[in-house]
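**Q** Following this message is one structure expressed as structure tokens.
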Amino acid sequence: MKRKRFLWFLPVLAVIIALFLWFLPRTNENQKTFLNKAELLQAEVFTDETVRAIGDAPVESVGNVVFFSVCDGNTRAKVYSGKGKSLSDAWKNAVNNTSKGIRDDSVEPMWVRVDVVSKAWPINALEILNELVDTASGFDYHGLSFDPEFETAFPEGWMNGNGLYDYKEDRVSVEGVNDWLADNDREPLQMLPDNMMEFESMGWFCDEKDEIYTLCHDGADTGRRMVPVLDADYAESIIDKASSFLLDQVKEDGSFIYGIRPQFDKEIESYNILRHSGTIWSLICRYRMFPDDALKEKIDNTIGYMLSQILYDEEDAAYIYDEGDDEIKLGGNGIAIVTLTEYMDVFQNEDYVDVCKALGEGILKQQGEDGSYYHILYTDFSRLEEFRTVYYDGECTFALTRLYSLTKEQKWLDAACKAIDHFIAADYTQYRDHWVAYSLNEVTKYVDRQEYYDFALANATNNYAKILGRWRTYPTNLELLISSFETWQRMVDKGLDTGDFDVQDLLDAIAARANRQLSGYFYPEQAMYMQNPERILGSFMMRNDKFRVRIDDVQHNIGGYYLYWKNYDAMVEAGLNTSLMDESKEND
């Protein structure tokens, strides 16, 4: 009887056990994906080279620290960490903490980045503020722990992506840290602590295809992937992604979303019709590489918007009107002509010949006897400002030469030559202007004057030191250098005297700048720290302006890499040394 009384309880016990097991935390699909990526990353991290670089206890107070940044591609990455007396302990704890965080936060780990602290040192509030004063905006590459035990700590990418380094005010945003603390049910900071830890780290990234990339960890390339060889195929892939970004910015009326502040996904409200026109040019370059009917439709739409901004004077000379500043900028005429002549060349039509001639007449009306140009007009075509920027001079000269190539009317070439004579007399090499390089490269297709060739080459050689000394991306430098290479190549093809010009110096400069320019490209390992990573992925940023992405930033990068792609075989034949691009290099 007693046994029967006991047996009735067995089904109840089975139900209780089943419910207990049901409610035990289980590894879900997101966690499984992360654990697989973490295993792949571990194979790259735990090498003799890495262990030697990190040392036994890079963080004296805790030993080793490992950060995992996990991103679904659509929202800002979540950052988790682990610490331990050994790297393996820190790794194990970081993996466990991240796996739990992924489950609790419901994070899809499309991208996973790991940062392993390699060096750390104490820093107080005053010291960190002084460091920001002495650091160029956007370029503090240190992570920061707000306590010696690394309980509240963030890698560099997260600090900059969230705007926690406030370069305008030269401070660390306590408010931003408190937002994170509130999200994690932690007590807020009243002020920046005196006992903090600053650190450097080594990083690796696993993408959505489970491909692993080692990240640069030194100098101005810090945080982006190492690129073994930047060849024509690699340049092509960059152009494809960056121009796709631009296409996504085209609005129904043919204008562009002008720019984005990616840290907090804010659009830039201002507009500049010159940059609009130049952006169309870069889309036409994409069409040369990847012809597509839908692309042509968008190009036509953006051209339509540009043409809607034209004003005609009483003599039917045309000018591009900049509505944002309520004025006429002569450089707008220049870029519009370049864009429209490029369009007609690609599509083999004459749709815009008359418009180009009218815009050219507008330029001629503002050119003086010495070859210089008057830059800014009121909307009634009276004169407002003689000089605004040196770029307008090169843009207009390039445009006049393109007009000559289109129409073969001598007056356009004569005006371009008059401008170049002025460039030589006033030594425009001092401005390091890519538009001057473009215009000299174009003019020398039709005029074999030795002084023009000499000046074109000097525009590069006179500026090597300053160009190579720039640790920021400056994408127009690549356009200048490769345009100069094209001019040199023409001299060689024609058997002209190149004097003591050393093409290897030029090629080395091209290789160095092409590599440095990659640090402005929004790879996923950097985009993941922005508020809306998918939106700016594959674009180009200006890190010094809060990672700004603007249409002209993207345009000039496309322009430089397009010339790189176009001339790659010729440059390699001439001696381009791809080994210069095997690793991150500092030119400070």
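For the structure tokens, the naming scheme is as follows: chains receive sequential letters (A, B, ...) according to their order of presentation, residues are indexed from 1 within each chain, and ligands are indexed from 1 in presentation order.
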Give the strand (DSSP E or B) residues of segment 96-194 of chain A, as assigned by DSSP on the backbone, as an mmCIF file with N, CA and C atoms, in the first residue's frame.
**A**
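For reference, out_12.cif as written:
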```
data_model
loop_
_atom_site.group_PDB
_atom_site.id
_atom_site.type_symbol
_atom_site.label_atom_id
_atom_site.label_comp_id
_atom_site.auth_asym_id
_atom_site.auth_seq_id
_atom_site.Cartn_x
_atom_site.Cartn_y
_atom_site.Cartn_z
ATOM 1 N N TRP A 111 28.372 40.810 -37.024
ATOM 2 C CA TRP A 111 29.789 41.173 -36.965
ATOM 3 C C TRP A 111 30.268 41.033 -35.524
ATOM 4 N N VAL A 112 31.445 40.484 -35.364
ATOM 5 C CA VAL A 112 32.051 40.384 -34.028
ATOM 6 C C VAL A 112 33.488 40.883 -34.124
ATOM 7 N N ARG A 113 33.804 41.796 -33.259
ATOM 8 C CA ARG A 113 35.176 42.332 -33.183
ATOM 9 C C ARG A 113 35.722 42.067 -31.789
ATOM 10 N N VAL A 114 36.980 41.645 -31.720
ATOM 11 C CA VAL A 114 37.623 41.450 -30.438
ATOM 12 C C VAL A 114 38.808 42.393 -30.318
ATOM 13 N N ASP A 115 38.921 43.030 -29.157
ATOM 14 C CA ASP A 115 40.063 43.889 -28.841
ATOM 15 C C ASP A 115 40.714 43.360 -27.565
ATOM 16 N N VAL A 116 41.996 43.049 -27.665
ATOM 17 C CA VAL A 116 42.752 42.518 -26.533
ATOM 18 C C VAL A 116 43.702 43.605 -26.042
ATOM 19 N N VAL A 117 43.572 43.993 -24.799
ATOM 20 C CA VAL A 117 44.413 45.067 -24.255
ATOM 21 C C VAL A 117 45.875 44.628 -24.284
ATOM 22 N N SER A 118 46.715 45.461 -24.873
ATOM 23 C CA SER A 118 48.138 45.140 -24.984
ATOM 24 C C SER A 118 49.008 46.004 -24.086
ATOM 25 N N LYS A 119 48.463 47.129 -23.636
ATOM 26 C CA LYS A 119 49.235 48.029 -22.774
ATOM 27 C C LYS A 119 48.251 48.947 -22.057
ATOM 28 N N ALA A 120 48.477 49.214 -20.787
ATOM 29 C CA ALA A 120 47.589 50.079 -20.015
ATOM 30 C C ALA A 120 48.396 50.871 -19.005
ATOM 31 N N TRP A 121 47.909 52.034 -18.654
ATOM 32 C CA TRP A 121 48.605 52.887 -17.698
ATOM 33 C C TRP A 121 47.601 53.789 -16.977
ATOM 34 N N PRO A 122 47.910 54.194 -15.745
ATOM 35 C CA PRO A 122 47.002 55.073 -14.998
ATOM 36 C C PRO A 122 46.949 56.460 -15.635
ATOM 37 N N ILE A 123 45.789 57.083 -15.555
ATOM 38 C CA ILE A 123 45.637 58.449 -16.042
ATOM 39 C C ILE A 123 44.557 59.130 -15.212
ATOM 40 N N GLY A 143 41.714 53.411 -25.701
ATOM 41 C CA GLY A 143 40.545 53.037 -24.929
ATOM 42 C C GLY A 143 40.648 53.629 -23.538
ATOM 43 N N LEU A 144 39.540 53.587 -22.794
ATOM 44 C CA LEU A 144 39.539 54.225 -21.477
ATOM 45 C C LEU A 144 38.705 53.394 -20.496
ATOM 46 N N SER A 145 39.298 53.141 -19.330
ATOM 47 C CA SER A 145 38.559 52.527 -18.224
ATOM 48 C C SER A 145 38.347 53.591 -17.163
ATOM 49 N N ALA A 153 34.666 50.092 -18.754
ATOM 50 C CA ALA A 153 35.765 50.338 -19.693
ATOM 51 C C ALA A 153 35.274 50.114 -21.118
ATOM 52 N N PHE A 154 35.859 50.903 -22.061
ATOM 53 C CA PHE A 154 35.433 50.827 -23.456
ATOM 54 C C PHE A 154 36.640 50.911 -24.381
ATOM 55 N N TYR A 165 34.612 60.895 -26.563
ATOM 56 C CA TYR A 165 35.695 61.875 -26.656
ATOM 57 C C TYR A 165 35.121 63.110 -27.340
ATOM 58 N N ASP A 166 34.930 64.168 -26.580
ATOM 59 C CA ASP A 166 34.366 65.416 -27.091
ATOM 60 C C ASP A 166 35.521 66.349 -27.435
ATOM 61 N N ARG A 171 37.032 67.306 -23.750
ATOM 62 C CA ARG A 171 36.596 66.639 -22.528
ATOM 63 C C ARG A 171 36.083 65.250 -22.858
ATOM 64 N N VAL A 172 35.912 64.451 -21.826
ATOM 65 C CA VAL A 172 35.235 63.166 -21.946
ATOM 66 C C VAL A 172 33.789 63.367 -21.518
#
```
**Q** Produce a table with one row for each residue of segment 31-106 of chain A that has an atom at most 8 Å from any atom of segment 532-554 of chain A, each row naming the nearest atom pair and its distance in Å at one decimal; use only C-alpha atoms; arrange rows by chain and rising residue number; format as CSV.
**A**
```
residue,atom,partner,partner_atom,distance
A:Gly73,CA,A:Glu534,CA,5.5
A:Asn74,CA,A:Glu534,CA,5.4
A:Thr75,CA,A:Asn532,CA,5.2
A:Arg76,CA,A:Asn532,CA,6.4
```
**Q** So which residues of segment 64-134 of chain A fall under helix (DSSP H, G or I) by DSSP, listed as a count of residues only?
**A** 29
**Q** For Tyr564 of chain A, which residue among A:Arg490, A:Lys296, A:Arg513, A:His217 is the nearest when counting only C-alpha atoms?
**A** A:Arg513
**Q** Taking into account only C-alpha atoms, which residue in the set A:Cys71, A:Ile212, A:Ala574, A:Met530 is nearest to Ala38 of chain A?
**A**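 The answer is A:Ile212, which sits nearest to Ala38 of chain A.
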**Q** To one decimal place, how far is atom CA of Ile510 of chain A from atom CA of Phe205 of chain A in Å?
**A**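 If I compute the distance from atom CA of Ile510 of chain A to atom CA of Phe205 of chain A, I get 27.6 Å.
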**Q** Name all residues at most 9 Å from segment 449-451 of chain A (count only C-alpha atoms; drop same-chain ones fewer than 5 positions away) and give them as a JSON list (two decimals) with all heavy atoms, in the first residue's frame.
**A**
```json
[["chain", "number", "residue", "atom", "x", "y", "z"],
["A", 424, "ILE", "N", 51.35, 79.25, -63.90],
["A", 424, "ILE", "CA", 52.81, 79.14, -63.89],
["A", 424, "ILE", "C", 53.43, 80.42, -63.32],
["A", 424, "ILE", "O", 54.33, 80.36, -62.46],
["A", 424, "ILE", "CB", 53.34, 78.87, -65.32],
["A", 424, "ILE", "CG1", 52.85, 77.49, -65.79],
["A", 424, "ILE", "CG2", 54.86, 78.94, -65.35],
["A", 424, "ILE", "CD1", 53.16, 77.20, -67.25],
["A", 444, "THR", "N", 47.57, 69.19, -71.95],
["A", 444, "THR", "CA", 48.72, 68.61, -72.64],
["A", 444, "THR", "C", 48.32, 67.50, -73.63],
["A", 444, "THR", "O", 49.18, 66.99, -74.35],
["A", 444, "THR", "CB", 49.75, 68.05, -71.64],
["A", 444, "THR", "OG1", 49.10, 67.18, -70.70],
["A", 444, "THR", "CG2", 50.42, 69.21, -70.88],
["A", 456, "ALA", "N", 53.37, 70.70, -64.77],
["A", 456, "ALA", "CA", 52.51, 69.59, -64.33],
["A", 456, "ALA", "C", 53.28, 68.64, -63.41],
["A", 456, "ALA", "O", 52.76, 68.21, -62.37],
["A", 456, "ALA", "CB", 51.97, 68.83, -65.54],
["A", 496, "LEU", "N", 58.99, 62.80, -75.24],
["A", 496, "LEU", "CA", 59.37, 64.14, -74.76],
["A", 496, "LEU", "C", 60.36, 64.04, -73.60],
["A", 496, "LEU", "O", 60.45, 63.01, -72.92],
["A", 496, "LEU", "CB", 58.13, 64.92, -74.33],
["A", 496, "LEU", "CG", 57.07, 65.14, -75.42],
["A", 496, "LEU", "CD1", 55.84, 65.82, -74.83],
["A", 496, "LEU", "CD2", 57.64, 65.99, -76.56],
["A", 497, "ASP", "N", 61.07, 65.11, -73.37],
["A", 497, "ASP", "CA", 62.09, 65.15, -72.33],
["A", 497, "ASP", "C", 61.45, 65.26, -70.96],
["A", 497, "ASP", "O", 60.73, 66.23, -70.67],
["A", 497, "ASP", "CB", 63.02, 66.34, -72.59],
["A", 497, "ASP", "CG", 64.13, 66.45, -71.55],
["A", 497, "ASP", "OD1", 64.39, 65.44, -70.86],
["A", 497, "ASP", "OD2", 64.72, 67.54, -71.44]]
```
**Q** Kindly provide the residues of segment 429-535 of chain A that approach segment 223-245 of chain A to within 7 Å, each paired with its closest atom pair and their distance in Å to one decimal, based on only C-alpha atoms, listed by chain and increasing number, as a Markdown table.
**A**
```
| residue | atom | partner | partner_atom | distance |
| --- | --- | --- | --- | --- |
| A:Ser519 | CA | A:Arg224 | CA | 6.6 |
| A:Tyr523 | CA | A:Arg224 | CA | 6.9 |
| A:Glu525 | CA | A:Arg224 | CA | 6.6 |
| A:Gln526 | CA | A:Arg224 | CA | 6.8 |
```
**Q** Measuring between only C-alpha atoms, which one of A:Lys357, A:Lys408, A:Lys37, A:His422 shows the shortest distance to Asp370 of chain A?
**A**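 Of A:Lys357, A:Lys408, A:Lys37, A:His422, the one nearest Asp370 of chain A, counting only C-alpha atoms, is A:His422.
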**Q** In Å, with one decimal, what is the gap from atom CA of Tyr319 of chain A to atom CA of Arg388 of chain A?
**A**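 Value for the atom CA of Tyr319 of chain A-atom CA of Arg388 of chain A distance: 16.3 Å.
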